[in-house]
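See below for the structure under consideration.
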Amino acid sequence: MRDEAFDQDFMARALELARRAEAEGEVPVGAVLVRNGEVIGEGWNHPIGAVDPTAHAEIRALRAGAKAADNYRLPGTTLYVTLEPCAMCAMALVHARVARVVYGAADPRTGAAGSLMNLLEDSRLNHRCEVTPGILAEDCGQLLTTFFQLRRKKNKAARKKADPELPEQ
């Protein structure tokens with residue numbers, strides 16, 4: 001049986017990293033890669049700043065972890081991420097041989113760990129990751145909800161400023 005308090009502690013760190021992404025104007029997603037109870041890699045969303053569509057939190061954590069381990073394979077690791085991984089990130093986790101993925105908020109639009117599809121546990125692949133959903137889901141989801149509400153509000157204000165004749169919606 002897994003220790004949920006242990007999972008919550010690492011997810012809390014992932015949330016800190018998500019807030020860093022948000023402070024940088026990125027979608028607030030954070031990820032922590034752990035092996036034997038120790039962090040070996042961290043990442044937060046940075047595709048805008050890095051001008052890199054692959055600079056998702058999970059990918060950045062995997063890159064840092066692979067460098068720390070001096071190996072592109074990361075067996076025995078657990079990735080904690082505030083948002084359910086997308087297909088790109090899920091396949092990177094499979095290729096890296098990550099043992100377990102713990103996520104906070106589900107992503108019904110692009111989630112590839114059970115919401116839209118489940119690449120992490122697909123029996124057709126040569127590796128599968130154990131998936132634990134919903135750790136600190138409310139906190140993770142609220143961070144994203146607030147971020148997108150503010151973004152929509154700013155975009156609406158900018159459109160209204162650019163064209164004062166725009167009707168209210």
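By convention here, the chains of the structure tokens are called A, B, ... in the order presented, each chain's residues are numbered starting at 1, and ligands are numbered starting at 1 in the order presented.
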
For A:Arg128: contacts at 10 Å, only C-alpha atoms, fewer than 2 positions along chain excluded, given as a list in words: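 Everything that qualifies: Met91, Leu93, Val94, His95, Arg97, Val98, Ala99, Arg100, Leu119, Leu120, Glu121, Asp122, Ser123, Arg124, Leu125, Asn126, Glu130 and Val131 of chain A.
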
Residue contacts of A:Gly41 (12 Å, only C-alpha atoms) excluding same-chain residues fewer than 4 positions away, as a PyMOL selection string: chain A and resi 10+13-14+17+30-35+57-70+74+77-81

Next, write the just-selected residues to a file, as a compact mmCIF listing (two decimals), in the first residue's frame, keeping C-alpha atoms as the atom set.
```txt
# COMPACT_ATOMS: atom_id res chain seq x y z
CA PHE A 10 5.93 15.44 -3.44
CA ARG A 13 6.52 20.40 -4.34
CA ALA A 14 5.12 19.96 -7.86
CA LEU A 17 6.92 24.45 -9.39
CA GLY A 30 4.90 21.37 -12.24
CA ALA A 31 6.59 17.97 -12.07
CA VAL A 32 8.95 16.19 -9.67
CA LEU A 33 10.84 12.97 -10.47
CA VAL A 34 11.67 10.84 -7.43
CA ARG A 35 13.83 7.76 -6.94
CA ALA A 57 6.96 20.12 -16.97
CA GLU A 58 7.21 16.34 -17.32
CA ILE A 59 9.76 16.48 -20.14
CA ARG A 60 11.91 18.96 -18.24
CA ALA A 61 11.80 16.78 -15.10
CA LEU A 62 12.74 13.71 -17.18
CA ARG A 63 15.66 15.56 -18.77
CA ALA A 64 16.95 16.68 -15.36
CA GLY A 65 16.49 13.19 -13.93
CA ALA A 66 18.25 11.49 -16.83
CA LYS A 67 21.17 13.87 -16.46
CA ALA A 68 21.34 13.22 -12.69
CA ALA A 69 21.13 9.44 -13.24
CA ASP A 70 23.48 9.60 -16.23
CA LEU A 74 14.73 5.83 -15.30
CA THR A 77 11.24 6.31 -10.45
CA THR A 78 7.96 8.04 -9.74
CA LEU A 79 6.87 11.21 -11.50
CA TYR A 80 4.57 13.58 -9.63
CA VAL A 81 2.80 16.05 -11.90
```

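The two atoms in question, atom CA of A:Ala113 and atom CA of A:Val101, are spaced 8.7 Å apart.
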
Point-to-point distance from atom CA of A:Gln8 to atom CA of A:Met117, Å rounded to tenths: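 We find that atom CA of A:Gln8 and atom CA of A:Met117 lie 24.8 Å from each other.
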
Pick from A:Arg19, A:Lys154, A:Lys161, A:Arg109, whichever lies nearest to A:Asn45 using only C-alpha atoms: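 For A:Asn45, the nearest of the candidates is A:Arg19.
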
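The smallest atom-to-atom distance between A:Glu16 and any of A:Ala90, A:Ala157, A:Ile40, A:Leu143, using only C-alpha atoms, is found for A:Leu143.
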
Atomic distance atom CA of A:Glu138 - atom CA of A:Gly76, expressed in Å with one decimal: 27.5 Å

Members of stretch 19-165 of chain A assigned helix (DSSP H, G or I) by DSSP, as a ChimeraX atom specification: /A:19-23,47-50,57-69,87-96,137-162
